[in-house]
>>> print(open('query16.pdb').read())   # PDB, C-alpha atoms and all ligand atoms
ATOM      1  CA  SER A   9       4.357  79.229  38.681
ATOM      2  CA  ILE A  10       5.568  80.594  41.999
ATOM      3  CA  ALA A  11       9.277  80.864  42.743
ATOM      4  CA  TYR A  12      11.362  81.675  45.804
ATOM      5  CA  LEU A  13      14.116  84.288  45.578
ATOM      6  CA  ASN A  14      16.150  85.581  48.528
ATOM      7  CA  GLY A  15      13.445  85.258  51.165
ATOM      8  CA  GLU A  16      10.425  86.083  49.017
ATOM      9  CA  PHE A  17       7.815  84.033  47.189
ATOM     10  CA  LEU A  18       6.804  85.612  43.879
ATOM     11  CA  PRO A  19       5.637  84.679  40.367
ATOM     12  CA  LEU A  20       8.565  83.143  38.473
ATOM     13  CA  ALA A  21       8.072  85.663  35.651
ATOM     14  CA  GLU A  22       8.717  88.490  38.118
ATOM     15  CA  ALA A  23      11.893  87.046  39.677
ATOM     16  CA  ARG A  24      14.959  89.190  38.874
ATOM     17  CA  ILE A  25      18.658  88.847  39.601
ATOM     18  CA  SER A  26      21.535  91.158  38.779
ATOM     19  CA  PRO A  27      23.829  90.528  35.792
ATOM     20  CA  MET A  28      26.582  90.938  38.401
ATOM     21  CA  ASP A  29      25.374  87.757  40.095
ATOM     22  CA  ARG A  30      28.317  85.369  40.261
ATOM     23  CA  GLY A  31      26.041  82.608  39.034
ATOM     24  CA  PHE A  32      25.561  84.585  35.812
ATOM     25  CA  LEU A  33      29.178  85.769  35.508
ATOM     26  CA  PHE A  34      31.070  82.635  36.576
ATOM     27  CA  ALA A  35      28.543  79.806  37.121
ATOM     28  CA  ASP A  36      29.791  80.168  40.722
ATOM     29  CA  GLY A  37      27.067  78.185  42.415
ATOM     30  CA  ILE A  38      25.477  74.835  43.069
ATOM     31  CA  TYR A  39      22.008  73.332  42.684
ATOM     32  CA  GLU A  40      19.700  70.483  43.582
ATOM     33  CA  VAL A  41      16.715  68.881  41.869
ATOM     34  CA  ILE A  42      14.224  67.231  44.216
ATOM     35  CA  PRO A  43      11.313  65.181  42.853
ATOM     36  CA  VAL A  44       7.928  65.732  44.500
ATOM     37  CA  TYR A  45       5.218  63.066  44.289
ATOM     38  CA  GLY A  46       1.656  63.858  45.333
ATOM     39  CA  GLY A  47       2.956  66.974  47.094
ATOM     40  CA  THR A  48       5.588  65.060  49.111
ATOM     41  CA  PRO A  49       9.296  65.649  48.458
ATOM     42  CA  PHE A  50      11.076  62.345  47.777
ATOM     43  CA  ARG A  51      14.320  61.568  49.660
ATOM     44  CA  LEU A  52      14.452  65.157  50.920
ATOM     45  CA  ASP A  53      16.983  64.390  53.615
ATOM     46  CA  GLU A  54      19.406  62.860  51.117
ATOM     47  CA  HIS A  55      19.019  65.844  48.769
ATOM     48  CA  LEU A  56      19.639  68.320  51.604
ATOM     49  CA  THR A  57      22.721  66.377  52.701
ATOM     50  CA  ARG A  58      24.093  66.590  49.166
ATOM     51  CA  LEU A  59      23.175  70.297  48.959
ATOM     52  CA  GLU A  60      25.130  71.013  52.134
ATOM     53  CA  ARG A  61      28.041  68.946  50.860
ATOM     54  CA  SER A  62      28.137  70.860  47.547
ATOM     55  CA  LEU A  63      28.090  74.167  49.477
ATOM     56  CA  ALA A  64      30.903  73.032  51.755
ATOM     57  CA  GLU A  65      33.005  71.833  48.802
ATOM     58  CA  ILE A  66      32.829  75.280  47.158
ATOM     59  CA  GLN A  67      33.313  77.045  50.527
ATOM     60  CA  LEU A  68      29.938  78.774  50.436
ATOM     61  CA  ALA A  69      28.235  79.152  53.833
ATOM     62  CA  ALA A  70      24.775  77.566  53.982
ATOM     63  CA  PRO A  71      22.181  80.368  53.649
ATOM     64  CA  LEU A  72      19.654  78.430  55.758
ATOM     65  CA  ALA A  73      20.015  76.095  58.711
ATOM     66  CA  ARG A  74      19.332  72.466  57.818
ATOM     67  CA  ALA A  75      16.088  72.507  59.821
ATOM     68  CA  ASP A  76      14.732  75.498  57.851
ATOM     69  CA  TRP A  77      14.822  73.989  54.351
ATOM     70  CA  PRO A  78      11.810  71.642  54.690
ATOM     71  CA  ALA A  79       9.397  74.493  55.554
ATOM     72  CA  LEU A  80      10.618  76.588  52.608
ATOM     73  CA  ILE A  81      10.247  73.612  50.284
ATOM     74  CA  ASP A  82       6.784  72.716  51.619
ATOM     75  CA  THR A  83       5.613  76.304  51.149
ATOM     76  CA  LEU A  84       6.877  76.314  47.569
ATOM     77  CA  ILE A  85       5.115  73.000  46.875
ATOM     78  CA  ARG A  86       1.842  74.302  48.344
ATOM     79  CA  LYS A  87       2.056  77.594  46.435
ATOM     80  CA  ASN A  88       2.469  75.570  43.241
ATOM     81  CA  GLY A  89      -0.545  73.390  43.934
ATOM     82  CA  GLY A  90       1.263  70.206  45.016
ATOM     83  CA  GLY A  91       1.046  67.123  42.811
ATOM     84  CA  ASN A  92       4.067  65.795  40.927
ATOM     85  CA  LEU A  93       6.765  68.443  40.664
ATOM     86  CA  SER A  94      10.415  68.810  39.960
ATOM     87  CA  LEU A  95      11.751  71.215  42.551
ATOM     88  CA  TYR A  96      14.870  73.142  41.530
ATOM     89  CA  LEU A  97      17.089  74.883  44.109
ATOM     90  CA  GLN A  98      20.101  77.031  43.244
ATOM     91  CA  ILE A  99      22.519  78.930  45.445
ATOM     92  CA  THR A 100      25.206  81.215  44.046
ATOM     93  CA  ARG A 101      27.966  83.227  45.700
ATOM     94  CA  GLY A 102      25.813  86.343  45.378
ATOM     95  CA  THR A 103      26.092  89.658  43.570
ATOM     96  CA  ALA A 104      29.551  91.122  43.154
ATOM     97  CA  ALA A 105      30.485  94.819  43.042
ATOM     98  CA  VAL A 106      33.229  94.040  40.528
ATOM     99  CA  ARG A 107      33.944  91.064  38.316
ATOM    100  CA  ASP A 108      36.796  89.368  40.140
ATOM    101  CA  HIS A 109      37.442  85.630  40.246
ATOM    102  CA  ALA A 110      38.363  85.651  43.945
ATOM    103  CA  PHE A 111      35.513  85.304  46.443
ATOM    104  CA  PRO A 112      33.561  88.515  47.195
ATOM    105  CA  PRO A 113      34.000  90.165  50.631
ATOM    106  CA  PRO A 114      32.794  88.123  53.619
ATOM    107  CA  GLY A 115      29.170  88.916  54.362
ATOM    108  CA  THR A 116      28.136  89.144  50.696
ATOM    109  CA  PRO A 117      24.706  87.489  50.754
ATOM    110  CA  PRO A 118      24.347  84.412  48.540
ATOM    111  CA  THR A 119      21.568  84.307  45.963
ATOM    112  CA  VAL A 120      19.010  81.654  46.892
ATOM    113  CA  PHE A 121      16.524  80.646  44.208
ATOM    114  CA  ALA A 122      13.948  77.871  43.989
ATOM    115  CA  MET A 123      11.210  76.970  41.530
ATOM    116  CA  ALA A 124       8.849  74.077  40.905
ATOM    117  CA  SER A 125       7.935  72.683  37.481
ATOM    118  CA  PRO A 126       5.359  70.021  36.614
ATOM    119  CA  MET A 127       6.899  66.559  36.248
ATOM    120  CA  SER A 128       5.575  63.921  33.863
ATOM    121  CA  ALA A 129       5.289  60.237  34.749
ATOM    122  CA  PRO A 130       8.699  58.523  34.566
ATOM    123  CA  ALA A 131       9.459  55.261  32.768
ATOM    124  CA  ALA A 132       9.563  53.243  35.967
ATOM    125  CA  ASP A 133       5.849  53.990  36.527
ATOM    126  CA  SER A 134       4.962  51.619  33.693
ATOM    127  CA  PRO A 135       7.619  48.881  33.692
ATOM    128  CA  ASP A 136       5.572  46.673  31.371
ATOM    129  CA  THR A 137       5.049  49.163  28.559
ATOM    130  CA  THR A 138       8.255  51.227  28.653
ATOM    131  CA  ALA A 139      10.103  51.133  25.332
ATOM    132  CA  GLY A 140      13.497  52.359  26.536
ATOM    133  CA  VAL A 141      15.737  54.998  25.001
ATOM    134  CA  ALA A 142      18.754  55.319  22.736
ATOM    135  CA  ALA A 143      22.104  56.615  23.995
ATOM    136  CA  ILE A 144      25.418  57.507  22.425
ATOM    137  CA  THR A 145      28.909  57.466  23.921
ATOM    138  CA  VAL A 146      30.985  60.652  24.113
ATOM    139  CA  PRO A 147      34.354  61.549  25.616
ATOM    140  CA  ASP A 148      34.007  62.847  29.189
ATOM    141  CA  ILE A 149      35.364  66.380  28.744
ATOM    142  CA  ARG A 150      34.586  67.560  32.302
ATOM    143  CA  TRP A 151      36.822  68.657  35.171
ATOM    144  CA  LEU A 152      37.944  66.464  38.066
ATOM    145  CA  ARG A 153      35.286  67.523  40.623
ATOM    146  CA  CYS A 154      32.209  65.987  39.025
ATOM    147  CA  ASP A 155      31.069  65.065  42.561
ATOM    148  CA  ILE A 156      30.052  68.708  43.154
ATOM    149  CA  LYS A 157      26.569  69.523  41.865
ATOM    150  CA  SER A 158      27.793  72.707  40.207
ATOM    151  CA  VAL A 159      25.669  74.885  37.895
ATOM    152  CA  SER A 160      28.686  74.981  35.589
ATOM    153  CA  LEU A 161      27.155  72.516  33.126
ATOM    154  CA  LEU A 162      28.580  73.527  29.751
ATOM    155  CA  PRO A 163      30.255  70.145  29.080
ATOM    156  CA  ASN A 164      27.034  68.348  30.048
ATOM    157  CA  ILE A 165      25.035  70.643  27.762
ATOM    158  CA  LEU A 166      27.337  69.999  24.800
ATOM    159  CA  MET A 167      27.235  66.245  25.401
ATOM    160  CA  ARG A 168      23.449  66.116  25.815
ATOM    161  CA  GLN A 169      23.014  68.166  22.639
ATOM    162  CA  ARG A 170      25.231  65.730  20.745
ATOM    163  CA  ALA A 171      22.907  62.952  21.876
ATOM    164  CA  VAL A 172      19.789  64.876  20.872
ATOM    165  CA  SER A 173      21.286  65.809  17.484
ATOM    166  CA  ALA A 174      22.028  62.097  16.934
ATOM    167  CA  GLY A 175      18.378  61.260  17.680
ATOM    168  CA  ALA A 176      19.276  59.776  21.073
ATOM    169  CA  THR A 177      18.132  60.662  24.578
ATOM    170  CA  GLU A 178      21.328  60.640  26.606
ATOM    171  CA  ALA A 179      25.113  60.754  26.203
ATOM    172  CA  ILE A 180      27.139  58.231  28.218
ATOM    173  CA  MET A 181      30.604  59.541  28.999
ATOM    174  CA  LEU A 182      33.870  57.643  28.576
ATOM    175  CA  ARG A 183      37.097  58.661  30.328
ATOM    176  CA  ASP A 184      40.347  56.671  30.162
ATOM    177  CA  GLY A 185      38.541  53.583  28.935
ATOM    178  CA  LEU A 186      35.867  53.692  31.659
ATOM    179  CA  ALA A 187      32.207  54.666  31.402
ATOM    180  CA  SER A 188      31.446  57.253  34.084
ATOM    181  CA  GLU A 189      27.826  58.424  33.850
ATOM    182  CA  GLY A 190      25.274  60.148  31.617
ATOM    183  CA  ALA A 191      25.206  63.894  30.884
ATOM    184  CA  ALA A 192      22.523  64.218  33.593
ATOM    185  CA  SER A 193      22.175  60.686  34.949
ATOM    186  CA  ASN A 194      24.072  57.822  36.594
ATOM    187  CA  LEU A 195      24.973  54.637  34.758
ATOM    188  CA  PHE A 196      24.139  51.022  35.595
ATOM    189  CA  ILE A 197      24.806  47.893  33.591
ATOM    190  CA  VAL A 198      23.684  44.315  34.135
ATOM    191  CA  HIS A 199      26.123  41.503  33.428
ATOM    192  CA  ASP A 200      25.094  37.863  33.984
ATOM    193  CA  GLY A 201      22.371  38.953  36.397
ATOM    194  CA  THR A 202      24.616  41.269  38.455
ATOM    195  CA  VAL A 203      23.843  44.987  38.611
ATOM    196  CA  ILE A 204      27.050  47.053  38.299
ATOM    197  CA  THR A 205      27.490  50.808  38.724
ATOM    198  CA  PRO A 206      30.683  52.903  38.934
ATOM    199  CA  PRO A 207      31.820  53.757  42.480
ATOM    200  CA  LYS A 208      31.143  57.231  43.887
ATOM    201  CA  ASP A 209      34.302  59.299  43.487
ATOM    202  CA  HIS A 210      35.357  62.673  42.081
ATOM    203  CA  LEU A 211      34.570  61.546  38.516
ATOM    204  CA  ILE A 212      30.781  61.208  38.913
ATOM    205  CA  LEU A 213      27.927  62.946  40.662
ATOM    206  CA  GLY A 214      26.743  60.771  43.533
ATOM    207  CA  GLY A 215      23.118  60.377  42.482
ATOM    208  CA  ILE A 216      20.329  60.132  45.039
ATOM    209  CA  THR A 217      18.484  57.789  42.661
ATOM    210  CA  ARG A 218      21.643  55.703  42.207
ATOM    211  CA  ASP A 219      21.932  55.202  45.955
ATOM    212  CA  LEU A 220      18.265  54.224  46.255
ATOM    213  CA  VAL A 221      18.559  51.689  43.420
ATOM    214  CA  LEU A 222      21.501  50.064  45.243
ATOM    215  CA  GLU A 223      19.538  50.098  48.527
ATOM    216  CA  LEU A 224      16.637  48.340  46.808
ATOM    217  CA  CYS A 225      18.994  45.755  45.264
ATOM    218  CA  ALA A 226      20.484  45.078  48.705
ATOM    219  CA  ALA A 227      17.092  44.829  50.403
ATOM    220  CA  HIS A 228      15.656  42.437  47.801
ATOM    221  CA  ASN A 229      18.691  40.226  47.145
ATOM    222  CA  VAL A 230      19.385  41.479  43.650
ATOM    223  CA  PRO A 231      23.124  40.849  43.167
ATOM    224  CA  TYR A 232      24.988  44.132  42.707
ATOM    225  CA  ARG A 233      28.477  45.616  42.750
ATOM    226  CA  GLU A 234      29.980  49.093  42.801
ATOM    227  CA  ALA A 235      32.867  48.692  40.367
ATOM    228  CA  PRO A 236      34.440  50.450  37.385
ATOM    229  CA  VAL A 237      32.628  49.806  34.089
ATOM    230  CA  THR A 238      34.981  49.531  31.132
ATOM    231  CA  GLU A 239      33.961  50.526  27.632
ATOM    232  CA  ALA A 240      33.994  46.811  26.743
ATOM    233  CA  ASN A 241      31.732  46.050  29.764
ATOM    234  CA  LEU A 242      29.331  48.750  28.555
ATOM    235  CA  ARG A 243      29.221  47.513  24.972
ATOM    236  CA  GLY A 244      28.837  43.891  26.085
ATOM    237  CA  ALA A 245      26.241  44.585  28.786
ATOM    238  CA  ASP A 246      23.024  42.564  28.951
ATOM    239  CA  GLU A 247      21.222  45.693  30.148
ATOM    240  CA  ILE A 248      22.080  49.389  30.467
ATOM    241  CA  TRP A 249      20.109  51.754  32.734
ATOM    242  CA  LEU A 250      20.304  55.446  33.486
ATOM    243  CA  THR A 251      19.036  56.930  36.750
ATOM    244  CA  SER A 252      18.102  60.452  37.807
ATOM    245  CA  SER A 253      15.661  62.130  40.152
ATOM    246  CA  THR A 254      13.312  63.327  37.444
ATOM    247  CA  ARG A 255      13.481  60.261  35.169
ATOM    248  CA  GLU A 256      14.024  57.606  37.864
ATOM    249  CA  MET A 257      15.266  54.457  36.073
ATOM    250  CA  VAL A 258      15.417  54.500  32.282
ATOM    251  CA  PRO A 259      16.451  51.421  30.265
ATOM    252  CA  VAL A 260      18.820  52.050  27.337
ATOM    253  CA  VAL A 261      17.926  49.746  24.452
ATOM    254  CA  ASN A 262      20.269  51.133  21.805
ATOM    255  CA  LEU A 263      23.867  52.292  22.230
ATOM    256  CA  ASP A 264      25.668  54.064  19.380
ATOM    257  CA  GLY A 265      23.180  52.575  16.929
ATOM    258  CA  GLN A 266      23.606  48.987  18.202
ATOM    259  CA  ALA A 267      20.817  47.105  19.959
ATOM    260  CA  VAL A 268      21.378  46.361  23.646
ATOM    261  CA  SER A 269      20.458  42.643  23.968
ATOM    262  CA  ASN A 270      17.101  42.284  22.171
ATOM    263  CA  ALA A 271      16.502  46.072  22.117
ATOM    264  CA  ARG A 272      13.883  45.757  24.873
ATOM    265  CA  PRO A 273      14.052  46.726  28.548
ATOM    266  CA  GLY A 274      15.605  43.777  30.377
ATOM    267  CA  PRO A 275      14.181  41.546  33.123
ATOM    268  CA  VAL A 276      16.462  42.919  35.831
ATOM    269  CA  TRP A 277      15.431  46.486  34.958
ATOM    270  CA  ARG A 278      11.763  45.480  35.130
ATOM    271  CA  ARG A 279      12.228  43.847  38.524
ATOM    272  CA  VAL A 280      14.112  46.744  40.099
ATOM    273  CA  ALA A 281      11.836  49.354  38.440
ATOM    274  CA  ARG A 282       8.857  47.670  40.133
ATOM    275  CA  LEU A 283      10.671  47.799  43.475
ATOM    276  CA  TYR A 284      11.378  51.480  42.844
ATOM    277  CA  VAL A 285       7.746  52.344  42.071
ATOM    278  CA  ASP A 286       6.458  50.371  45.067
ATOM    279  CA  PHE A 287       8.938  52.111  47.354
ATOM    280  CA  LYS A 288       8.027  55.544  45.996
ATOM    281  CA  ARG A 289       4.282  54.985  46.270
ATOM    282  CA  HIS A 290       4.610  53.690  49.799
ATOM    283  CA  LEU A 291       6.872  56.543  50.952
ATOM    284  CA  CYS A 292       4.799  59.287  49.349
ATOM    285  CA  GLY A 293       1.438  57.767  50.297
ATOM    286  CA  LEU A 294       0.250  57.407  46.692
TER     287      LEU A 294
HETATM  288  N1  LIG B 301      24.949  62.612  37.173
HETATM  289  C1  LIG B 301      24.804  63.858  36.687
HETATM  290  C2  LIG B 301      25.921  64.479  35.931
HETATM  291  C3  LIG B 301      23.583  64.555  36.882
HETATM  292  O1  LIG B 301      23.431  65.790  36.425
HETATM  293  C4  LIG B 301      22.525  63.904  37.585
HETATM  294  C5  LIG B 301      21.192  64.553  37.775
HETATM  295  N2  LIG B 301      21.259  65.846  38.224
HETATM  296  C6  LIG B 301      22.734  62.613  38.069
HETATM  297  C7  LIG B 301      23.960  62.000  37.846
HETATM  298  C8  LIG B 301      21.653  61.873  38.827
HETATM  299  O2  LIG B 301      21.534  62.355  40.143
HETATM  300  P1  LIG B 301      20.168  62.230  40.957
HETATM  301  O3  LIG B 301      19.759  60.820  40.952
HETATM  302  O4  LIG B 301      20.501  62.719  42.300
HETATM  303  O5  LIG B 301      19.164  63.098  40.243
END
>>> encode(input="query16.pdb", output="structure tokens")
Amino acid sequence: SIAYLNGEFLPLAEARISPMDRGFLFADGIYEVIPVYGGTPFRLDEHLTRLERSLAEIQLAAPLARADWPALIDTLIRKNGGGNLSLYLQITRGTAAVRDHAFPPPGTPPTVFAMASPMSAPAADSPDTTAGVAAITVPDIRWLRCDIKSVSLLPNILMRQRAVSAGATEAIMLRDGLASEGAASNLFIVHDGTVITPPKDHLILGGITRDLVLELCAAHNVPYREAPVTEANLRGADEIWLTSSTREMVPVVNLDGQAVSNARPGPVWRRVARLYVDFKRHLCGL
């Protein structure tokens, strides 16, 4: 596959960065993942807004003007043959002369990297045949700026691995009695027909998919609320969903070894998943 690195397109296997890159030394950088359907990036504007916000929050100057990202992304999509892709973008605070925690001298160029990987069909594409996944709960061991899409993902990696080792797909995090989100996804529950998701604050990543799901609920009169989800709410939920750009909406049918309702994707999930697929197909001309 073809990657982009600091102004150049080149085969991914030939892309090289220095071990003095602050991304390597400190995980001093941020990233984005943008889904591409039929060669068209999905919700690009929203992803670029979040990218710029992450950069601003870590005081890293944007390496490209907002108007220049779409052309770079389109070129990368074309060079990778279009189709359904997961487009990964990472920006770090560049290569340091010495390993020092403080920012490098002004003018140090950031490292800008992008790649595209093939993306398989998500669960929402087949709402009638999707089986759903198992999840486990884990303590949320992260810092207090989970709203920044930082490449510093060690807690998320440890939590996801715990899920995988337990034969589950995702880890749902609990902090101070509240369920926050998945290791790489946002959390929704359904209670008595109402869709509930935790509010966007410093304790979760504001998901692009999360926002779209709420938009679709609003547009189609599906009752919803942004409100804290307690551990008891989670365990007593009629439905549990996880959302992310690459997996869209995934129903959780088993939590910590216990069936969620009848261990099948619920009716509210099916309804909103259909809305999601219709919206996606329409927007991307599929
Ligand atoms: N929360 C976390 C911790 C994540 O890593 C992700 C996916 N990167 C999400 C939520 C979902 O965000 P999005 O819908 O923008 O992919």
>>> atom_distance(input="query16.pdb", atom1="CA of Pro273 in chain A", atom2="CA of Val41 in chain A")
26.0 Å
>>> resolve_selection(input="query16.pdb", expression="the PyMOL selection byres (((chain A and resi 95) around 10) and not hetatm)", output="MDAnalysis selection string")
chainID A and resid 11 40:44 49 81 84:85 92:94 96:97 122:127 254
>>> closest_residue(input="query16.pdb", among="A:Ile149, A:Ala176, A:Ile10, A:Ala139", to="Gly89 in chain A", atoms="only C-alpha atoms")
A:Ile10
>>> closest_residue(input="query16.pdb", among="A:Ile165, A:Ile197, A:Leu59, A:Leu68", to="Pro114 in chain A", atoms="all atoms listed in the file")
A:Leu68
>>> atom_distance(input="query16.pdb", atom1="CA of Val120 in chain A", atom2="atom N2 of ligand LIG 301 (chain B)")
18.2 Å
>>> residues_near_ligand(input="query16.pdb", ligand="ligand LIG 301 (chain B)", cutoff="7 Å", atoms="only C-alpha atoms and all ligand atoms", output="ChimeraX atom specification")
/A:41,189-194,212-218,251-254
>>> closest_residue(input="query16.pdb", among="A:Arg58, A:Arg289, A:Arg107, A:Arg150", to="Leu33 in chain A", atoms="all atoms listed in the file")
A:Arg107
>>> closest_residue(input="query16.pdb", among="A:Thr48, A:Thr137, A:Ser160, A:Asn229", to="Gly201 in chain A", atoms="all atoms listed in the file")
A:Asn229
>>> residues_near_point(input="query16.pdb", point="(35.9, 76.6, 48.9)", cutoff="12 Å", atoms="all atoms listed in the file", output="list in words")
Asp36, Gly37, Arg61, Ser62, Leu63, Ala64, Glu65, Ile66, Gln67, Leu68, Ala69, Arg101, Ala110, Phe111 and Ile156 of chain A
>>> resolve_selection(input="query16.pdb", expression="the PyMOL selection byres (((chain A and resi 259) around 8) and not hetatm)", output="PyMOL selection string")
chain A and resi 140-141+247-250+257-258+260-261+273-274+277
>>> closest_residue(input="query16.pdb", among="A:Gln98, A:Thr138, A:Ser9, A:Asn88", to="Ala271 in chain A", atoms="all atoms listed in the file")
A:Thr138
>>> closest_residue(input="query16.pdb", among="A:Met28, A:Leu166, A:Leu13, A:Ile180", to="Ala105 in chain A", atoms="all atoms listed in the file")
A:Met28
>>> resolve_selection(input="query16.pdb", expression="the PyMOL selection byres (((chain A and resi 263) around 8) and not hetatm)", output="VMD selection string")
chain A and resid 142 to 145 243 260 to 262 264 to 268
>>> atom_distance(input="query16.pdb", atom1="CA of Leu20 in chain A", atom2="CA of Gly90 in chain A")
16.2 Å
>>> residues_around(input="query16.pdb", residues="Ile204 in chain A", least_positions_apart="3", cutoff="12 Å", atoms="only C-alpha atoms", output="ChimeraX atom specification")
/A:187-188,194-201,207,218,221-222,225,230-238,241-242,245-250,276
>>> residues_around(input="query16.pdb", residues="Asp29 in chain A", least_positions_apart="2", cutoff="6 Å", atoms="only C-alpha atoms", output="PyMOL selection string")
chain A and resi 26-27+31-32+102-103
>>> residues_around(input="query16.pdb", residues="Val285 in chain A", least_positions_apart="4", cutoff="10 Å", atoms="only C-alpha atoms", output="PDB file with C-alpha atoms, in the coordinates of the input")
ATOM      1  CA  PRO A 130       8.699  58.523  34.566  1.00  0.00           C
ATOM      2  CA  ALA A 131       9.459  55.261  32.768  1.00  0.00           C
ATOM      3  CA  ALA A 132       9.563  53.243  35.967  1.00  0.00           C
ATOM      4  CA  ASP A 133       5.849  53.990  36.527  1.00  0.00           C
ATOM      5  CA  SER A 134       4.962  51.619  33.693  1.00  0.00           C
ATOM      6  CA  PRO A 135       7.619  48.881  33.692  1.00  0.00           C
ATOM      7  CA  GLU A 256      14.024  57.606  37.864  1.00  0.00           C
ATOM      8  CA  MET A 257      15.266  54.457  36.073  1.00  0.00           C
ATOM      9  CA  VAL A 280      14.112  46.744  40.099  1.00  0.00           C
ATOM     10  CA  ALA A 281      11.836  49.354  38.440  1.00  0.00           C
ATOM     11  CA  ARG A 289       4.282  54.985  46.270  1.00  0.00           C
ATOM     12  CA  HIS A 290       4.610  53.690  49.799  1.00  0.00           C
ATOM     13  CA  LEU A 291       6.872  56.543  50.952  1.00  0.00           C
TER      14      LEU A 291
END
>>> axis_aligned_box(input="query16.pdb", around="range 72-83 of chain A", padding_each_side="8 Å", output="lines of an AutoDock Vina configuration file")
center_x = 12.8
center_y = 75.0
center_z = 55.1
size_x = 30.4
size_y = 22.8
size_z = 25.5
>>> build_atoms(input="query16.pdb", residues="range 132-150 of chain A", atoms="N, CA and C atoms", output="mmCIF file, in the frame of the given file")
data_model
loop_
_atom_site.group_PDB
_atom_site.id
_atom_site.type_symbol
_atom_site.label_atom_id
_atom_site.label_comp_id
_atom_site.auth_asym_id
_atom_site.auth_seq_id
_atom_site.Cartn_x
_atom_site.Cartn_y
_atom_site.Cartn_z
ATOM 1 N N ALA A 132 9.705 54.308 34.986
ATOM 2 C CA ALA A 132 9.563 53.243 35.967
ATOM 3 C C ALA A 132 8.112 53.069 36.413
ATOM 4 N N ASP A 133 7.258 54.094 36.148
ATOM 5 C CA ASP A 133 5.849 53.990 36.527
ATOM 6 C C ASP A 133 5.114 52.935 35.720
ATOM 7 N N SER A 134 5.636 52.598 34.551
ATOM 8 C CA SER A 134 4.962 51.619 33.693
ATOM 9 C C SER A 134 5.981 50.621 33.167
ATOM 10 N N PRO A 135 6.526 49.782 34.085
ATOM 11 C CA PRO A 135 7.619 48.881 33.692
ATOM 12 C C PRO A 135 7.241 47.909 32.577
ATOM 13 N N ASP A 136 5.952 47.670 32.371
ATOM 14 C CA ASP A 136 5.572 46.673 31.371
ATOM 15 C C ASP A 136 5.426 47.251 29.976
ATOM 16 N N THR A 137 5.276 48.571 29.878
ATOM 17 C CA THR A 137 5.049 49.163 28.559
ATOM 18 C C THR A 137 6.180 50.095 28.120
ATOM 19 N N THR A 138 7.164 50.314 28.997
ATOM 20 C CA THR A 138 8.255 51.227 28.653
ATOM 21 C C THR A 138 9.086 50.692 27.484
ATOM 22 N N ALA A 139 9.364 51.568 26.523
ATOM 23 C CA ALA A 139 10.103 51.133 25.332
ATOM 24 C C ALA A 139 11.612 51.232 25.528
ATOM 25 N N GLY A 140 12.060 52.132 26.388
ATOM 26 C CA GLY A 140 13.497 52.359 26.536
ATOM 27 C C GLY A 140 13.964 53.467 25.605
ATOM 28 N N VAL A 141 15.200 53.869 25.771
ATOM 29 C CA VAL A 141 15.737 54.998 25.001
ATOM 30 C C VAL A 141 17.047 54.614 24.324
ATOM 31 N N ALA A 142 17.458 55.471 23.386
ATOM 32 C CA ALA A 142 18.754 55.319 22.736
ATOM 33 C C ALA A 142 19.769 56.231 23.409
ATOM 34 N N ALA A 143 21.020 55.785 23.461
ATOM 35 C CA ALA A 143 22.104 56.615 23.995
ATOM 36 C C ALA A 143 23.294 56.545 23.052
ATOM 37 N N ILE A 144 24.153 57.541 23.158
ATOM 38 C CA ILE A 144 25.418 57.507 22.425
ATOM 39 C C ILE A 144 26.552 57.622 23.447
ATOM 40 N N THR A 145 27.760 57.248 23.051
ATOM 41 C CA THR A 145 28.909 57.466 23.921
ATOM 42 C C THR A 145 29.660 58.706 23.453
ATOM 43 N N VAL A 146 30.212 59.428 24.403
ATOM 44 C CA VAL A 146 30.985 60.652 24.113
ATOM 45 C C VAL A 146 32.173 60.701 25.072
ATOM 46 N N PRO A 147 33.249 61.386 24.671
ATOM 47 C CA PRO A 147 34.354 61.549 25.616
ATOM 48 C C PRO A 147 33.915 62.422 26.788
ATOM 49 N N ASP A 148 34.316 62.049 27.994
ATOM 50 C CA ASP A 148 34.007 62.847 29.189
ATOM 51 C C ASP A 148 34.982 64.026 29.228
ATOM 52 N N ILE A 149 34.485 65.209 28.863
ATOM 53 C CA ILE A 149 35.364 66.380 28.744
ATOM 54 C C ILE A 149 35.310 67.268 29.988
ATOM 55 N N ARG A 150 34.787 66.714 31.115
ATOM 56 C CA ARG A 150 34.586 67.560 32.302
ATOM 57 C C ARG A 150 35.839 67.659 33.173
#
